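Asks: Coordinates in my_file_1.tsv, TSV, C-alpha atoms, are listed below.
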```tsv
chain	number	residue	atom	x	y	z
W	1	MET	CA	156.48	72.34	70.04
W	2	SER	CA	158.84	73.89	67.50
W	3	CYS	CA	159.52	77.51	66.58
W	4	ARG	CA	160.28	79.09	63.23
W	5	PRO	CA	161.84	82.48	62.40
W	6	VAL	CA	159.30	85.21	61.90
W	7	ARG	CA	159.08	86.95	58.56
W	8	ALA	CA	157.56	90.31	57.81
W	9	VAL	CA	153.93	90.71	58.79
W	10	ARG	CA	151.21	92.90	57.40
W	11	ARG	CA	150.57	96.44	58.47
W	12	ALA	CA	147.73	95.81	60.87
W	13	LEU	CA	149.84	93.54	63.07
W	14	THR	CA	152.10	96.44	63.93
W	15	ALA	CA	149.39	98.75	65.16
W	16	ILE	CA	150.26	97.80	68.73
W	17	LEU	CA	153.69	96.28	68.36
W	18	PRO	CA	155.16	97.36	65.05
W	19	VAL	CA	158.73	96.22	65.30
W	20	THR	CA	158.76	93.54	67.91
W	21	ALA	CA	156.75	91.54	65.40
W	22	LEU	CA	159.50	91.94	62.85
W	23	LEU	CA	162.42	91.52	65.21
W	24	ALA	CA	161.11	88.52	67.10
W	25	LEU	CA	163.48	85.66	66.51
W	26	ALA	CA	160.74	83.09	66.75
W	27	ALA	CA	157.00	82.75	67.14
W	28	CYS	CA	155.80	79.66	68.91
W	29	GLY	CA	152.38	78.15	68.41
W	30	GLY	CA	150.25	77.17	71.32
W	31	GLY	CA	147.22	75.04	71.86
W	32	ALA	CA	144.06	75.72	73.75
W	33	THR	CA	144.48	76.29	77.47
W	34	PRO	CA	142.25	74.29	79.80
W	35	ALA	CA	138.71	75.59	80.01
W	36	ALA	CA	137.81	77.42	83.18
W	37	GLY	CA	134.48	77.74	84.90
W	38	SER	CA	131.18	76.57	83.49
W	39	SER	CA	128.44	77.89	81.28
W	40	GLN	CA	125.99	78.45	84.13
W	41	ALA	CA	123.92	81.58	83.65
W	42	ALA	CA	124.54	84.54	85.87
W	43	VAL	CA	121.75	86.37	87.64
W	44	SER	CA	120.59	89.12	85.27
W	45	ASP	CA	120.98	91.86	87.88
W	46	SER	CA	124.27	90.61	89.33
W	47	PRO	CA	126.80	93.18	90.55
W	48	GLY	CA	129.27	91.87	87.96
W	49	LEU	CA	126.92	92.45	85.06
W	50	ALA	CA	126.05	95.91	86.32
W	51	ALA	CA	129.74	96.77	86.61
W	52	ALA	CA	130.45	95.44	83.11
W	53	ARG	CA	127.60	97.46	81.63
W	54	ALA	CA	128.80	100.62	83.35
W	55	ALA	CA	132.33	100.05	82.05
W	56	ALA	CA	131.16	99.32	78.51
W	57	GLN	CA	129.07	102.48	78.48
W	58	LYS	CA	132.02	104.55	79.71
W	59	TYR	CA	134.46	103.11	77.18
W	60	SER	CA	132.00	103.51	74.30
W	61	GLU	CA	131.93	107.27	74.71
W	62	ARG	CA	134.21	109.16	72.35
W	63	PRO	CA	136.86	111.05	74.36
W	64	ALA	CA	136.42	114.80	74.18
W	65	HIS	CA	139.73	115.93	75.62
W	66	ILE	CA	143.41	115.17	75.20
W	67	PRO	CA	145.00	113.74	78.35
W	68	VAL	CA	147.28	116.73	78.97
W	69	THR	CA	145.81	120.01	80.22
W	70	GLU	CA	148.84	121.90	81.49
W	71	ALA	CA	150.13	124.55	79.08
W	72	VAL	CA	153.81	124.54	78.23
W	73	GLY	CA	153.83	128.15	79.40
W	74	LYS	CA	157.11	129.11	77.72
W	75	ASP	CA	158.21	130.02	74.22
W	76	ILE	CA	158.99	126.76	72.44
W	77	PRO	CA	162.24	127.05	70.45
W	78	LYS	CA	162.06	126.50	66.71
W	79	GLY	CA	164.67	124.89	64.50
W	80	ARG	CA	164.99	121.62	66.43
W	81	THR	CA	165.81	118.44	64.51
W	82	ILE	CA	164.36	115.05	65.42
W	83	ASP	CA	165.41	111.65	64.08
W	84	PHE	CA	162.46	109.27	63.73
W	85	ILE	CA	163.53	105.65	63.24
W	86	LEU	CA	161.05	103.72	61.12
W	87	CYS	CA	160.33	100.05	61.68
W	88	GLY	CA	159.94	98.84	58.10
W	89	VAL	CA	156.14	98.67	57.96
W	90	GLN	CA	153.46	101.19	57.02
W	91	SER	CA	152.03	101.77	60.48
W	92	CYS	CA	155.36	103.15	61.70
W	93	LYS	CA	155.43	105.45	58.68
W	94	ASP	CA	151.92	106.60	59.60
W	95	LEU	CA	153.00	107.33	63.17
W	96	ALA	CA	156.04	109.24	61.87
W	97	ASP	CA	153.82	111.27	59.54
W	98	ARG	CA	151.56	112.25	62.43
W	99	PHE	CA	154.56	113.13	64.55
W	100	THR	CA	155.99	115.19	61.68
W	101	ALA	CA	152.71	117.08	61.28
W	102	ALA	CA	152.79	118.03	64.96
W	103	ALA	CA	156.49	118.93	64.89
W	104	ARG	CA	155.95	121.15	61.84
W	105	GLU	CA	153.56	123.27	63.89
W	106	LEU	CA	156.50	124.11	66.15
W	107	GLY	CA	158.98	124.76	63.35
W	108	TRP	CA	160.92	121.53	63.84
W	109	LYS	CA	162.47	119.28	61.22
W	110	VAL	CA	161.95	115.51	61.32
W	111	ARG	CA	164.37	113.17	59.58
W	112	THR	CA	163.13	109.62	59.06
W	113	ILE	CA	165.61	106.75	59.10
W	114	ALA	CA	164.40	103.61	57.36
W	115	THR	CA	164.94	100.03	58.50
W	116	GLN	CA	163.86	96.65	57.20
W	117	GLY	CA	162.91	95.48	60.67
W	118	THR	CA	165.92	93.18	61.02
W	119	PRO	CA	168.26	93.54	64.01
W	120	GLU	CA	171.09	94.52	61.69
W	121	SER	CA	169.13	97.28	59.95
W	122	VAL	CA	167.75	98.57	63.25
W	123	GLN	CA	171.20	98.79	64.79
W	124	ALA	CA	172.45	100.58	61.68
W	125	ALA	CA	169.60	103.10	62.00
W	126	TRP	CA	170.41	103.79	65.63
W	127	GLU	CA	174.08	104.17	64.69
W	128	GLN	CA	173.05	106.79	62.16
W	129	ALA	CA	171.01	108.58	64.81
W	130	VAL	CA	174.08	108.67	67.07
W	131	ARG	CA	176.16	110.14	64.24
W	132	ASP	CA	173.44	112.68	63.38
W	133	LYS	CA	173.50	114.14	66.89
W	134	PRO	CA	169.84	115.24	66.67
W	135	ASP	CA	167.98	117.09	69.36
W	136	ALA	CA	165.93	113.95	70.07
W	137	VAL	CA	165.27	110.44	68.76
W	138	VAL	CA	161.84	108.84	68.43
W	139	ALA	CA	161.14	105.16	67.70
W	140	SER	CA	158.37	102.61	68.14
W	141	GLY	CA	158.43	99.00	69.24
W	142	PHE	CA	162.16	98.28	69.20
W	143	PRO	CA	163.37	95.85	71.88
W	144	ARG	CA	165.91	97.67	73.98
W	145	ALA	CA	168.41	94.83	73.70
W	146	VAL	CA	168.77	95.46	69.97
W	147	TYR	CA	169.99	99.05	70.37
W	148	ALA	CA	171.30	99.10	73.95
W	149	LYS	CA	174.80	100.27	72.99
W	150	GLN	CA	173.49	103.14	70.88
W	151	LEU	CA	171.00	104.09	73.61
W	152	ALA	CA	173.84	104.37	76.11
W	153	ARG	CA	175.73	106.70	73.77
W	154	LEU	CA	172.65	108.87	73.23
W	155	LYS	CA	172.14	109.04	76.97
W	156	ALA	CA	175.75	110.11	77.46
W	157	ALA	CA	175.20	112.85	74.88
W	158	HIS	CA	172.04	113.99	76.75
W	159	ILE	CA	169.85	113.30	73.72
W	160	PRO	CA	166.32	112.28	74.79
W	161	VAL	CA	164.85	109.09	73.35
W	162	ILE	CA	161.10	108.55	73.09
W	163	GLN	CA	159.54	105.12	72.64
W	164	SER	CA	156.00	103.80	72.15
W	165	ASN	CA	154.33	100.41	71.80
W	166	ALA	CA	157.28	98.65	73.40
W	167	ASP	CA	157.67	96.13	76.19
W	168	ASP	CA	160.00	98.41	78.11
W	169	VAL	CA	160.22	100.87	80.98
W	170	VAL	CA	161.13	104.53	81.34
W	171	GLY	CA	164.65	105.29	82.45
W	172	ASP	CA	168.23	104.39	81.60
W	173	GLY	CA	168.06	106.36	78.38
W	174	ILE	CA	164.33	106.20	77.65
W	175	SER	CA	162.83	109.60	78.47
W	176	LEU	CA	159.21	108.82	77.56
W	177	LEU	CA	157.31	105.59	76.91
W	178	LYS	CA	153.67	105.59	75.83
W	179	ASN	CA	151.51	102.52	75.29
W	180	GLY	CA	153.89	100.39	77.29
W	181	PRO	CA	152.96	97.39	79.46
W	182	ASP	CA	151.40	99.57	82.16
W	183	ASP	CA	149.15	101.29	79.62
W	184	VAL	CA	147.61	98.45	77.65
W	185	GLY	CA	145.98	96.36	80.39
W	186	VAL	CA	142.86	98.53	80.20
W	187	GLN	CA	142.33	97.27	76.65
W	188	GLY	CA	141.56	93.82	78.01
W	189	GLU	CA	139.16	95.32	80.52
W	190	MET	CA	137.37	97.17	77.73
W	191	ILE	CA	136.89	94.00	75.71
W	192	ALA	CA	135.70	92.07	78.76
W	193	SER	CA	133.13	94.75	79.54
W	194	TRP	CA	131.62	94.35	76.08
W	195	VAL	CA	131.56	90.53	76.15
W	196	VAL	CA	129.94	90.36	79.58
W	197	SER	CA	127.43	93.09	78.77
W	198	ASN	CA	126.51	91.67	75.39
W	199	SER	CA	125.97	88.19	76.81
W	200	GLY	CA	124.08	89.28	79.89
W	201	ALA	CA	126.85	87.58	81.90
W	202	LYS	CA	126.09	84.26	80.20
W	203	ALA	CA	129.07	84.08	77.84
W	204	ASP	CA	130.99	81.05	76.67
W	205	THR	CA	134.16	82.64	75.34
W	206	VAL	CA	137.30	81.68	73.44
W	207	TYR	CA	140.26	84.08	73.46
W	208	PHE	CA	142.72	83.74	70.57
W	209	ASP	CA	146.09	85.14	71.61
W	210	LEU	CA	149.57	85.81	70.19
W	211	PRO	CA	151.83	84.93	73.15
W	212	ALA	CA	154.99	85.68	71.15
W	213	TYR	CA	154.25	89.38	71.63
W	214	THR	CA	154.79	90.14	75.26
W	215	ILE	CA	153.24	93.61	74.93
W	216	LEU	CA	149.91	91.81	74.46
W	217	LYS	CA	150.23	89.88	77.73
W	218	PRO	CA	148.77	92.69	79.88
W	219	VAL	CA	145.76	92.78	77.54
W	220	ARG	CA	145.10	89.11	78.12
W	221	VAL	CA	145.65	89.42	81.86
W	222	GLY	CA	143.31	92.40	82.03
W	223	PHE	CA	140.65	90.58	80.05
W	224	GLU	CA	140.80	87.41	82.12
W	225	ALA	CA	140.70	89.26	85.44
W	226	LYS	CA	137.63	91.34	84.63
W	227	TYR	CA	135.87	88.56	82.75
W	228	ARG	CA	136.13	86.20	85.71
W	229	LYS	CA	135.13	88.94	88.14
W	230	TRP	CA	132.15	90.17	86.18
W	231	CYS	CA	131.03	86.87	84.65
W	232	ALA	CA	131.28	84.36	87.47
W	233	GLY	CA	130.48	80.90	86.13
W	234	CYS	CA	131.08	81.86	82.51
W	235	ARG	CA	133.35	79.58	80.53
W	236	LEU	CA	136.66	80.89	79.17
W	237	ASP	CA	139.16	79.08	76.97
W	238	THR	CA	142.38	80.53	75.57
W	239	VAL	CA	144.02	79.41	72.33
W	240	ASP	CA	147.60	80.44	71.63
W	241	VAL	CA	148.23	81.19	67.96
W	242	PRO	CA	151.59	81.22	66.14
W	243	ILE	CA	152.40	84.17	63.94
W	244	THR	CA	152.67	81.81	60.99
W	245	ALA	CA	148.89	81.42	61.08
W	246	ILE	CA	148.31	85.06	60.16
W	247	GLY	CA	147.34	85.45	56.54
W	248	LYS	CA	147.33	81.69	56.13
W	249	ASP	CA	145.25	79.23	58.13
W	250	MET	CA	143.92	81.46	60.92
W	251	PRO	CA	140.32	81.34	59.61
W	252	ASP	CA	140.56	77.54	59.39
W	253	ARG	CA	141.79	77.37	62.97
W	254	VAL	CA	138.80	79.38	64.16
W	255	VAL	CA	136.33	77.29	62.16
W	256	SER	CA	137.86	74.07	63.47
W	257	TYR	CA	137.70	75.28	67.06
W	258	LEU	CA	134.09	76.43	66.83
W	259	ARG	CA	133.00	73.19	65.20
W	260	SER	CA	134.45	71.25	68.12
W	261	HIS	CA	133.09	73.76	70.67
W	262	PRO	CA	129.58	74.58	69.37
W	263	LYS	CA	128.44	76.16	72.65
W	264	VAL	CA	130.91	79.06	72.32
W	265	THR	CA	129.06	82.36	72.05
W	266	HIS	CA	131.87	84.93	71.93
W	267	VAL	CA	135.18	84.99	70.07
W	268	VAL	CA	137.91	87.43	71.15
W	269	PHE	CA	141.08	88.19	69.20
W	270	SER	CA	144.04	89.83	70.95
W	271	LEU	CA	144.87	91.57	67.67
W	272	GLY	CA	142.49	92.63	64.90
W	273	LEU	CA	144.57	91.02	62.18
W	274	LEU	CA	143.70	87.58	63.56
W	275	ASN	CA	140.10	88.19	62.54
W	276	VAL	CA	140.85	88.98	58.90
W	277	GLY	CA	139.11	86.39	56.75
W	278	VAL	CA	137.32	84.81	59.69
W	279	PRO	CA	133.79	86.16	59.00
W	280	ALA	CA	133.87	84.81	55.44
W	281	ALA	CA	135.18	81.46	56.66
W	282	LEU	CA	132.41	81.19	59.26
W	283	LYS	CA	129.79	81.95	56.64
W	284	THR	CA	131.20	79.31	54.30
W	285	ALA	CA	131.24	76.79	57.14
W	286	GLY	CA	127.65	77.59	58.05
W	287	ILE	CA	128.62	78.74	61.55
W	288	THR	CA	126.31	81.49	62.76
W	289	GLY	CA	125.37	83.28	65.97
W	290	LYS	CA	128.92	83.97	67.15
W	291	HIS	CA	129.86	87.39	68.49
W	292	ILE	CA	133.33	88.68	67.58
W	293	VAL	CA	135.36	91.41	69.28
W	294	VAL	CA	138.96	92.38	68.53
W	295	ASN	CA	141.74	94.29	70.22
W	296	VAL	CA	143.33	96.98	68.04
W	297	GLY	CA	140.91	97.73	65.25
W	298	ASP	CA	141.95	98.50	61.68
W	299	ALA	CA	140.27	99.40	58.41
W	300	GLN	CA	139.29	95.80	57.65
W	301	ASN	CA	137.75	95.20	61.06
W	302	TYR	CA	135.96	98.55	61.03
W	303	GLN	CA	134.44	97.54	57.69
W	304	TYR	CA	133.42	94.24	59.27
W	305	ILE	CA	131.73	96.15	62.10
W	306	ALA	CA	129.91	98.44	59.67
W	307	SER	CA	128.67	95.38	57.79
W	308	GLY	CA	127.61	93.53	60.93
W	309	LEU	CA	130.26	90.82	60.50
W	310	THR	CA	132.15	91.77	63.67
W	311	ASP	CA	130.62	93.25	66.78
W	312	ALA	CA	133.23	95.42	68.48
W	313	ALA	CA	136.84	96.57	68.52
W	314	MET	CA	139.20	98.43	70.81
W	315	ALA	CA	140.51	101.48	68.91
W	316	LEU	CA	144.07	102.69	69.36
W	317	ASN	CA	145.19	106.25	69.92
W	318	GLN	CA	147.93	106.76	67.35
W	319	TYR	CA	147.15	110.40	66.64
W	320	GLU	CA	147.14	111.31	70.30
W	321	THR	CA	150.31	109.28	70.92
W	322	ALA	CA	152.28	111.12	68.22
W	323	TRP	CA	151.18	114.56	69.39
W	324	ILE	CA	151.85	113.82	73.04
W	325	GLN	CA	155.39	112.83	72.06
W	326	VAL	CA	155.86	116.25	70.49
W	327	ASP	CA	154.33	117.86	73.58
W	328	ALA	CA	156.85	116.05	75.77
W	329	LEU	CA	159.74	117.31	73.66
W	330	ALA	CA	158.33	120.84	73.76
W	331	ARG	CA	158.50	120.69	77.52
W	332	HIS	CA	161.98	119.19	77.44
W	333	PHE	CA	163.28	121.90	75.10
W	334	THR	CA	161.92	124.57	77.46
W	335	GLY	CA	163.69	123.07	80.45
W	336	GLN	CA	160.69	121.28	81.89
W	337	SER	CA	160.01	117.68	82.87
W	338	MET	CA	158.24	115.23	80.58
W	339	GLY	CA	156.49	113.89	83.64
W	340	VAL	CA	153.13	115.43	82.79
W	341	ASP	CA	153.13	113.49	79.51
W	342	GLN	CA	154.40	110.27	81.02
W	343	LYS	CA	151.64	110.32	83.63
W	344	ALA	CA	148.94	111.23	81.11
W	345	VAL	CA	146.51	108.41	80.39
W	346	LEU	CA	146.05	108.09	76.65
W	347	PRO	CA	142.45	107.87	75.43
W	348	ASN	CA	140.93	104.60	74.28
W	349	MET	CA	137.56	103.81	72.79
W	350	LEU	CA	135.35	100.74	72.45
W	351	ILE	CA	133.99	100.75	68.91
W	352	THR	CA	130.67	99.24	67.81
W	353	LYS	CA	128.43	99.85	64.83
W	354	ASP	CA	126.58	102.50	66.81
W	355	ASN	CA	129.61	104.74	67.42
W	356	LEU	CA	131.99	103.87	64.56
W	357	PRO	CA	133.55	107.16	63.35
W	358	SER	CA	135.09	105.84	60.13
W	359	THR	CA	135.85	102.68	58.16
W	360	ASP	CA	138.89	104.15	56.43
W	361	GLY	CA	141.43	103.05	59.02
W	362	ASP	CA	142.90	104.73	62.07
W	363	PHE	CA	141.12	107.87	63.19
W	364	PRO	CA	141.75	110.36	66.00
W	365	LEU	CA	139.75	109.49	69.08
W	366	VAL	CA	139.60	113.12	70.16
W	367	LYS	CA	138.12	115.00	67.20
W	368	ASP	CA	139.94	118.30	67.73
W	369	TYR	CA	143.06	116.83	69.31
W	370	ASP	CA	145.32	119.08	67.19
W	371	ALA	CA	143.60	122.29	68.24
W	372	GLN	CA	143.80	121.28	71.89
W	373	PHE	CA	147.52	120.55	71.69
W	374	LYS	CA	148.18	123.81	69.83
W	375	ALA	CA	146.44	125.67	72.64
W	376	LEU	CA	148.87	124.12	75.11
W	377	TRP	CA	151.75	125.27	72.91
W	378	GLY	CA	150.54	128.86	72.70
W	379	LEU	CA	149.65	128.58	69.03
W	380	ARG	CA	145.94	129.34	69.49
```
As a first step, turn the structure in this file into structure tokens.
Replies:
Amino acid sequence: MSCRPVRAVRRALTAILPVTALLALAACGGGATPAAGSSQAAVSDSPGLAAARAAAQKYSERPAHIPVTEAVGKDIPKGRTIDFILCGVQSCKDLADRFTAAARELGWKVRTIATQGTPESVQAAWEQAVRDKPDAVVASGFPRAVYAKQLARLKAAHIPVIQSNADDVVGDGISLLKNGPDDVGVQGEMIASWVVSNSGAKADTVYFDLPAYTILKPVRVGFEAKYRKWCAGCRLDTVDVPITAIGKDMPDRVVSYLRSHPKVTHVVFSLGLLNVGVPAALKTAGITGKHIVVNVGDAQNYQYIASGLTDAAMALNQYETAWIQVDALARHFTGQSMGVDQKAVLPNMLITKDNLPSTDGDFPLVKDYDAQFKALWGLR
């Protein structure tokens, strides 16, 4: 198996891992993993099916509350300056815009530093942040190894650094990490709950994965664990996909697999972008009756769901992530710990045609998230 350097990928790919996708030195293709289990039907009232249905119902409910309830309780200082390092793709710009909107409520200034997603440009951006001496630095998805020297200098200067969507851990310079490895495993559980419920615990499933992105590994692990627990006897096959297939031959790969595995009932994609173009390809190939669910929905996949071409998607929490980052800094600037934000469990939502809020792209999961955060900051 050979590997090729990764080039820039489209916006949707970065919804969960914006910069690792661009900084990865190589993306290796994989073949189907050995099939596990059999296609024997489960008893309709099995404990596994009941558990899956309960989980699917819970995850399908739109969250009503932000995950932080403790008020800051002190006057938040104005006039702070934050450097936000962009990753070179639109989704990072979107996250920065949402962060900026929240910071503006507190009278803070946000300076964005652009990169092209290459290691050189990322290091240059972090160097600029060190020279700027801001009150805090925010970034998304950067592998720590790329900016380790700059991180050490920021730590020495007591400048907090906030990360999200990164395969990393809190500490040694990272003050807050949201949507890290410990946070995303539930996404796999959510998808498994839908597959098992939809099939009545009689699924024959193929899981298309992007193993080059280690942040997606907990999603796959979470899916496999719950699927096997809830759907005993159900078949599961995993196909590793190289990044080079995205935007090129991914639909052909899916069609080819389903033609050679006609008994498959459910198709799972570890990232929504893998599904782009697949519904049209299946229609052209005359393949019908397959149920599709994706991790990390986007505008295209939400349009598919609205049109009945895709069944379900796990929706990300980008609005809530950006505002909780600002909340953490508000606590830091008032001499408090960011622990309440680090421990907070970000909301997630399982989207189907019945509960789809919008087809325009990312949407806040908590409708009045901004008002709830402002209340914590003493602005309401």
Asks: Kindly provide the residues of region 338-359 of chain W that approach region 69-84 of chain W to within 12 Å, each paired with its closest atom pair and their distance in Å to one decimal, based on all atoms listed in the file, listed by chain and increasing number, as a tab-separated table.
Replies:
```
residue	atom	partner	partner_atom	distance
W:Met338	CA	W:Val72	CA	10.6
W:Gly339	CA	W:Glu70	CA	11.3
W:Val340	CA	W:Glu70	CA	7.9
W:Asp341	CA	W:Glu70	CA	9.6
W:Lys343	CA	W:Thr69	CA	11.8
W:Ala344	CA	W:Thr69	CA	9.4
W:Val345	CA	W:Thr69	CA	11.6
```
Asks: I need the chosen residues saved as a PDB file, keeping the file's coordinate frame, with C-alpha atoms.
Replies:
```
ATOM      1  CA  MET W 338     158.240 115.230  80.580  1.00  0.00           C
ATOM      2  CA  GLY W 339     156.490 113.890  83.640  1.00  0.00           C
ATOM      3  CA  VAL W 340     153.130 115.430  82.790  1.00  0.00           C
ATOM      4  CA  ASP W 341     153.130 113.490  79.510  1.00  0.00           C
ATOM      5  CA  LYS W 343     151.640 110.320  83.630  1.00  0.00           C
ATOM      6  CA  ALA W 344     148.940 111.230  81.110  1.00  0.00           C
ATOM      7  CA  VAL W 345     146.510 108.410  80.390  1.00  0.00           C
TER       8      VAL W 345
END
```
Asks: Nearest residue to Asp204 (chain W) out of W:Tyr257, W:Gly188, W:Leu216, W:His266, using only C-alpha atoms?
Replies: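 Nearest candidate to Asp204 (chain W) out of W:Tyr257, W:Gly188, W:Leu216, W:His266: W:His266.
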Asks: Take CA of Arg131 (chain W) and CA of Gln163 (chain W) and report the distance between them in Å, one decimal.
Replies: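 If I compute the distance from CA of Arg131 (chain W) to CA of Gln163 (chain W), I get 19.3 Å.
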Asks: Interatomic distance between CA of Gln300 (chain W) and CA of Leu271 (chain W)?
Replies: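 Spanning CA of Gln300 (chain W) to CA of Leu271 (chain W) is a straight-line distance of 12.2 Å.
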Asks: Find the residues near Leu258 (chain W): any atom within 10 Å, counting only C-alpha atoms, skip ones fewer than 4 places away on the same chain, and give them as a list in words.
Replies: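 That gives Val206, Asp252, Arg253, Val254, Pro262, Lys263, Val264, Thr265, Val267, Leu282, Ile287 and Lys290 of chain W.
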Asks: Restricting the calculation to all atoms listed in the file: of W:Phe269, W:Tyr227, W:Tyr147, W:Phe333, which residue gets closest to Gln128 (chain W)?
Replies: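 Nearest to Gln128 (chain W): W:Tyr147.
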